[in-house]
file coords25.txt (compact mmCIF, C-alpha atoms)
# COMPACT_ATOMS: atom_id res chain seq x y z
CA MET A 1 1.51 -29.66 -9.50
CA LYS A 2 0.93 -27.10 -12.23
CA LEU A 3 0.50 -24.31 -9.65
CA LYS A 4 3.63 -25.37 -7.81
CA ALA A 5 5.63 -25.39 -11.04
CA THR A 6 4.33 -21.93 -11.89
CA ILE A 7 5.36 -20.55 -8.50
CA ILE A 8 8.82 -22.09 -8.81
CA ALA A 9 9.21 -20.55 -12.26
CA ILE A 10 8.18 -17.14 -10.95
CA CYS A 11 10.63 -17.39 -8.06
CA MET A 12 13.44 -18.33 -10.45
CA ALA A 13 12.58 -15.35 -12.63
CA PHE A 14 12.67 -13.03 -9.64
CA SER A 15 16.07 -14.40 -8.66
CA LEU A 16 17.40 -13.56 -12.11
CA MET A 17 15.94 -10.05 -11.73
CA GLY A 18 17.97 -9.52 -8.58
CA PHE A 19 15.26 -10.02 -5.98
CA SER A 20 15.96 -12.19 -2.96
CA VAL A 21 13.87 -15.36 -3.05
CA SER A 22 14.45 -17.50 0.01
CA ALA A 23 14.16 -21.22 0.44
CA ALA A 24 13.37 -20.59 4.11
CA ASP A 25 11.46 -23.05 6.22
CA TYR A 26 8.48 -20.80 6.92
CA SER A 27 7.11 -23.23 9.50
CA VAL A 28 9.70 -21.99 12.01
CA LEU A 29 8.24 -18.47 11.84
CA ASP A 30 5.28 -17.23 13.88
CA GLY A 31 2.06 -17.72 11.92
CA THR A 32 -0.15 -15.85 14.40
CA SER A 33 -2.47 -13.48 12.53
CA TYR A 34 -2.53 -9.85 13.64
CA GLY A 35 -4.68 -6.94 12.52
CA TYR A 36 -2.51 -3.86 12.13
CA GLY A 37 -3.54 -0.58 13.71
CA MET A 38 -1.31 2.36 14.60
CA GLY A 39 -3.42 3.47 17.59
CA ARG A 40 -4.05 7.03 18.69
CA ASP A 41 -1.03 7.64 20.96
CA VAL A 42 1.62 9.82 19.31
CA ASP A 43 4.98 11.29 20.23
CA GLY A 44 5.84 14.97 20.40
CA ALA A 45 6.14 15.12 16.61
CA GLY A 46 2.73 13.56 16.08
CA ARG A 47 4.16 10.21 14.96
CA PRO A 48 2.06 7.24 16.14
CA TYR A 49 3.91 4.98 18.56
CA GLY A 50 2.15 1.98 17.03
CA ALA A 51 3.64 2.69 13.61
CA ASP A 52 7.15 3.10 15.00
CA ASN A 53 6.73 -0.10 17.01
CA PHE A 54 5.64 -1.95 13.88
CA ASN A 55 8.82 -0.81 12.13
CA ALA A 56 10.94 -1.89 15.08
CA ASP A 57 9.44 -5.36 14.93
CA TYR A 58 9.15 -5.92 11.19
CA ALA A 59 11.44 -3.62 9.19
CA GLY A 60 13.84 -6.55 8.98
CA LEU A 61 11.13 -8.33 7.00
CA GLY A 62 10.79 -5.43 4.59
CA ALA A 63 7.62 -4.08 6.23
CA TYR A 64 7.02 -0.44 7.19
CA ALA A 65 4.20 1.59 8.70
CA ILE A 66 6.03 4.92 8.81
CA PHE A 67 9.18 6.44 7.35
CA GLU A 68 11.96 8.40 8.99
CA PRO A 69 11.41 12.01 10.14
CA GLY A 70 12.32 14.45 7.40
CA SER A 71 11.22 12.08 4.62
CA GLY A 72 7.99 13.89 3.75
CA VAL A 73 4.56 12.29 3.42
CA THR A 74 3.71 9.28 1.26
CA LEU A 75 0.15 9.40 -0.06
CA THR A 76 -1.47 6.04 -0.77
CA PHE A 77 -4.89 4.91 -1.94
CA ASP A 78 -6.49 1.49 -1.68
CA GLU A 79 -8.43 0.58 -4.83
CA GLY A 80 -10.65 -2.43 -4.24
CA TYR A 81 -13.25 -1.26 -6.74
CA GLU A 82 -14.01 1.86 -8.75
CA ASN A 83 -16.66 4.26 -7.48
CA GLY A 84 -16.19 7.07 -9.99
CA TYR A 85 -13.84 9.24 -7.94
CA THR A 86 -10.38 8.09 -8.98
CA SER A 87 -10.27 10.34 -12.04
CA ILE A 88 -11.19 13.32 -9.84
CA ILE A 89 -8.40 12.41 -7.44
CA LEU A 90 -5.96 12.04 -10.32
CA ASP A 91 -6.99 15.45 -11.68
CA ALA A 92 -6.23 17.03 -8.29
CA LEU A 93 -2.89 15.25 -7.95
CA LYS A 94 -1.86 16.32 -11.44
CA ASP A 95 -2.89 19.92 -10.79
CA LYS A 96 -0.91 20.00 -7.52
CA GLY A 97 2.11 18.09 -8.79
CA VAL A 98 1.71 15.21 -6.31
CA LYS A 99 2.50 11.54 -6.91
CA ALA A 100 0.85 8.70 -5.00
CA ILE A 101 0.77 4.93 -4.66
CA PHE A 102 -2.42 3.16 -5.73
CA PHE A 103 -2.84 -0.34 -4.29
CA VAL A 104 -5.00 -2.36 -6.66
CA THR A 105 -6.73 -5.75 -6.70
CA GLY A 106 -7.17 -8.13 -9.62
CA ASP A 107 -10.77 -7.11 -10.31
CA TYR A 108 -9.77 -3.45 -10.31
CA VAL A 109 -7.02 -4.02 -12.85
CA LYS A 110 -9.25 -6.06 -15.14
CA SER A 111 -12.10 -3.54 -15.02
CA ASN A 112 -10.22 -0.23 -15.07
CA LYS A 113 -7.30 -0.53 -17.46
CA PRO A 114 -7.53 3.08 -18.73
CA LEU A 115 -7.29 4.37 -15.15
CA ILE A 116 -4.30 2.14 -14.41
CA GLN A 117 -2.59 3.38 -17.57
CA ARG A 118 -3.31 6.97 -16.61
CA MET A 119 -1.77 6.42 -13.17
CA LEU A 120 1.39 5.10 -14.78
CA ASP A 121 1.48 7.80 -17.46
CA GLU A 122 1.26 10.49 -14.78
CA GLY A 123 4.09 9.07 -12.69
CA HIS A 124 2.22 7.30 -9.93
CA ILE A 125 3.15 3.93 -8.45
CA ILE A 126 0.91 0.87 -8.73
CA GLY A 127 0.98 -1.36 -5.65
CA ASN A 128 -0.18 -4.92 -5.13
CA HIS A 129 -3.25 -5.42 -2.90
CA GLY A 130 -3.70 -9.09 -3.78
CA MET A 131 -5.43 -10.64 -6.75
CA LYS A 132 -8.52 -11.52 -4.71
CA HIS A 133 -7.99 -9.28 -1.64
CA LYS A 134 -7.48 -12.32 0.60
CA SER A 135 -6.25 -12.17 4.18
CA ILE A 136 -2.71 -13.44 3.74
CA PRO A 137 -1.91 -15.04 7.14
CA GLY A 138 -4.48 -17.77 6.54
CA LEU A 139 -3.16 -18.73 3.12
CA SER A 140 -0.84 -21.62 2.44
CA GLU A 141 2.63 -20.82 1.11
CA GLU A 142 1.48 -21.66 -2.42
CA GLY A 143 -1.82 -19.80 -1.95
CA LEU A 144 -0.07 -16.63 -0.81
CA ALA A 145 2.37 -16.74 -3.71
CA GLU A 146 -0.47 -17.35 -6.15
CA ASP A 147 -2.57 -14.44 -4.86
CA ILE A 148 0.31 -11.96 -5.04
CA MET A 149 2.21 -13.17 -8.08
CA SER A 150 -0.82 -13.79 -10.32
CA LEU A 151 -1.64 -10.09 -9.93
CA HIS A 152 2.01 -9.18 -10.43
CA GLU A 153 2.09 -11.11 -13.69
CA LEU A 154 -1.24 -9.63 -14.82
CA VAL A 155 0.02 -6.07 -14.36
CA LYS A 156 3.33 -6.97 -15.99
CA ALA A 157 1.56 -8.48 -18.99
CA GLU A 158 -0.95 -5.64 -19.43
CA PHE A 159 1.29 -2.65 -18.72
CA GLY A 160 4.91 -3.84 -18.76
CA TYR A 161 5.18 -2.73 -15.13
CA ASP A 162 6.78 -4.55 -12.19
CA MET A 163 5.11 -3.80 -8.86
CA ILE A 164 7.35 -3.72 -5.77
CA TYR A 165 5.04 -2.58 -2.95
CA PHE A 166 2.42 -4.74 -1.26
CA ARG A 167 -0.35 -3.81 1.18
CA PRO A 168 -1.95 -6.71 3.07
CA PRO A 169 -5.74 -6.74 2.67
CA CYS A 170 -7.44 -5.51 5.86
CA GLY A 171 -3.99 -4.90 7.34
CA GLU A 172 -3.82 -8.54 8.41
CA PHE A 173 -0.38 -10.14 8.66
CA SER A 174 1.85 -12.56 10.48
CA GLU A 175 5.60 -12.78 10.84
CA ARG A 176 5.50 -15.73 8.47
CA SER A 177 3.42 -13.99 5.82
CA LEU A 178 5.60 -10.87 5.88
CA LYS A 179 8.67 -13.02 5.28
CA GLN A 180 6.94 -14.79 2.41
CA VAL A 181 5.99 -11.45 0.85
CA GLN A 182 9.57 -10.24 1.24
CA ASP A 183 10.90 -13.37 -0.44
CA LEU A 184 8.62 -12.69 -3.41
CA GLY A 185 10.50 -9.43 -3.94
CA TYR A 186 8.03 -7.07 -2.27
CA THR A 187 8.22 -4.38 0.38
CA THR A 188 5.13 -4.25 2.60
CA LEU A 189 3.63 -0.85 3.32
CA MET A 190 1.11 -0.40 6.12
CA TRP A 191 0.20 3.14 7.21
CA SER A 192 0.58 5.71 9.97
CA PHE A 193 -2.71 7.48 9.23
CA ALA A 194 -6.12 6.19 8.20
CA TYR A 195 -9.71 6.99 9.06
CA VAL A 196 -13.16 5.58 8.33
CA ASP A 197 -13.61 6.84 4.77
CA TRP A 198 -14.62 3.70 2.86
CA GLU A 199 -18.34 3.56 3.69
CA GLU A 200 -19.73 5.08 0.51
CA ASN A 201 -23.24 5.52 1.94
CA ASN A 202 -21.98 6.94 5.21
CA GLN A 203 -19.38 9.49 4.23
CA PRO A 204 -17.93 11.73 6.96
CA ASP A 205 -18.65 15.44 7.18
CA LYS A 206 -16.17 17.29 4.98
CA ALA A 207 -15.04 19.79 7.59
CA ALA A 208 -14.56 17.05 10.19
CA ALA A 209 -12.71 14.87 7.71
CA LEU A 210 -10.36 17.68 6.69
CA LYS A 211 -9.59 18.45 10.33
CA ARG A 212 -9.00 14.78 11.11
CA ILE A 213 -6.60 14.34 8.20
CA THR A 214 -4.64 17.57 8.55
CA SER A 215 -4.39 17.62 12.35
CA ALA A 216 -2.70 14.21 12.25
CA ALA A 217 -0.01 15.31 9.75
CA HIS A 218 3.50 14.15 10.63
CA GLU A 219 6.90 13.67 9.02
CA GLY A 220 7.40 10.26 7.52
CA GLU A 221 3.65 9.70 7.34
CA ILE A 222 2.21 6.96 5.18
CA MET A 223 -1.32 8.19 4.58
CA LEU A 224 -3.99 5.66 3.69
CA LEU A 225 -7.10 6.92 1.93
CA HIS A 226 -9.73 5.02 -0.03
CA ALA A 227 -10.49 6.21 -3.53
CA VAL A 228 -14.16 5.16 -3.23
CA SER A 229 -14.71 8.19 -0.97
CA SER A 230 -16.43 11.23 -2.46
CA VAL A 231 -15.18 13.29 0.49
CA ASN A 232 -11.56 12.37 -0.17
CA ALA A 233 -11.96 13.29 -3.83
CA ASP A 234 -13.53 16.66 -2.99
CA LEU A 235 -10.99 17.46 -0.29
CA MET A 236 -7.83 16.45 -2.11
CA PRO A 237 -6.75 19.97 -3.20
CA GLU A 238 -7.34 21.34 0.32
CA ILE A 239 -5.48 18.44 1.94
CA ILE A 240 -2.44 19.01 -0.24
CA ASP A 241 -2.47 22.78 0.33
CA ASN A 242 -2.85 22.37 4.09
CA PHE A 243 0.04 19.92 4.37
CA ARG A 244 2.26 22.23 2.38
CA GLU A 245 1.30 25.11 4.63
CA GLN A 246 2.51 22.94 7.51
CA GLY A 247 5.86 22.54 5.74
CA LEU A 248 5.19 18.98 4.59
CA GLU A 249 5.65 17.77 1.03
CA PHE A 250 4.26 14.67 -0.63
CA VAL A 251 6.93 12.29 -1.90
CA LEU A 252 7.24 8.75 -3.19
CA PRO A 253 9.33 6.36 -1.09
CA VAL A 254 12.73 5.17 -2.20
CA ILE A 255 13.46 1.76 -0.70
CA LYS A 256 16.41 -0.24 -1.95
CA PHE A 257 16.39 -4.03 -1.83
CA SER A 258 19.42 -5.53 -0.17
call {"tool": "encode", "arguments": {"input": "coords25.txt", "output": "structure tokens"}}
result
Amino acid sequence: MKLKATIIAICMAFSLMGFSVSAADYSVLDGTSYGYGMGRDVDGAGRPYGADNFNADYAGLGAYAIFEPGSGVTLTFDEGYENGYTSIILDALKDKGVKAIFFVTGDYVKSNKPLIQRMLDEGHIIGNHGMKHKSIPGLSEEGLAEDIMSLHELVKAEFGYDMIYFRPPCGEFSERSLKQVQDLGYTTLMWSFAYVDWEENNQPDKAAALKRITSAAHEGEIMLLHAVSSVNADLMPEIIDNFREQGLEFVLPVIKFS
């Protein structure tokens, strides 16, 4: 009962803040769990069909895997734990004048407060990756709200910052869970580029990684990188320079809630 009362209080607070909190019957929505992947097939502009198809199916639920052509590239990092490379990445972003979104978990926030504060001080966005990095389709309505909003309230309390972007752990979602996330006041961001970069003891070859990242560049891209990767940290200046040479600029998204 205490948890339910807490969730109701949070939802009321979000309503007063202007966010849309629905009293929808979530049981009528499809609860089938899917693992997102954009696939390798792309159109003539290099935009993955899978990402565009995701938008077509779920943009109405405030969920996006790619942005419109001409909208630049959105750089995002998933931060499940700290491996010593985030400060190097932040140094490169500051030097190049690039802003990014860092999706954090509860453990990361609790253990790395100076890094979180630096991200905010330098104009980056902090995104919600779940308090305990749980797969959201399998959670109850109360469990999903608890996992997302307990982290939201932690970041609010520690830094005075309201997060508005959510990334589902492991890219797992359902129609029902996306609607629940939307009703909590969040926009869901998937990605239109990612590669296997998170295995810290099996890092990719730098030249191959750079080619993989830069050859897939496209307008409206949402790039997912993991900050635990030494290769990503080392390559960051070259990645930024290469994208700019291709006429692409890194930007933060501007999504207005209806």
call {"tool": "atom_distance", "arguments": {"input": "coords25.txt", "atom1": "atom CA of A:Asp205", "atom2": "atom CA of A:Ile240"}}
result
18.2 Å
call {"tool": "atom_distance", "arguments": {"input": "coords25.txt", "atom1": "atom CA of A:Phe77", "atom2": "atom CA of A:Met119"}}
result
11.8 Å
call {"tool": "residues_around", "arguments": {"input": "coords25.txt", "residues": "A:Tyr165", "least_positions_apart": "2", "cutoff": "7 Å", "atoms": "all atoms listed in the file", "output": "MDAnalysis selection string"}}
result
chainID A and resid 127:128 163 167 186:189
call {"tool": "atom_distance", "arguments": {"input": "coords25.txt", "atom1": "atom CA of A:Ile222", "atom2": "atom CA of A:Asp91"}}
result
21.0 Å
call {"tool": "closest_residue", "arguments": {"input": "coords25.txt", "among": "A:Val196, A:Leu235, A:Met223, A:Val104", "to": "A:Leu154", "atoms": "all atoms listed in the file"}}
result
A:Val104
call {"tool": "closest_residue", "arguments": {"input": "coords25.txt", "among": "A:Phe243, A:Leu224, A:His124, A:His218", "to": "A:Gly44", "atoms": "only C-alpha atoms"}}
result
A:His218
call {"tool": "closest_residue", "arguments": {"input": "coords25.txt", "among": "A:Ile239, A:Leu139, A:Ile148, A:Ala92", "to": "A:Asp183", "atoms": "all atoms listed in the file"}}
result
A:Ile148
call {"tool": "closest_residue", "arguments": {"input": "coords25.txt", "among": "A:Thr76, A:Phe159, A:Trp191, A:Glu82", "to": "A:Ile125", "atoms": "all atoms listed in the file"}}
result
A:Thr76
call {"tool": "residues_around", "arguments": {"input": "coords25.txt", "residues": "A:Glu158", "least_positions_apart": "4", "cutoff": "10 Å", "atoms": "all atoms listed in the file", "output": "PyMOL selection string"}}
result
chain A and resi 109-110+113+116-117+153-154
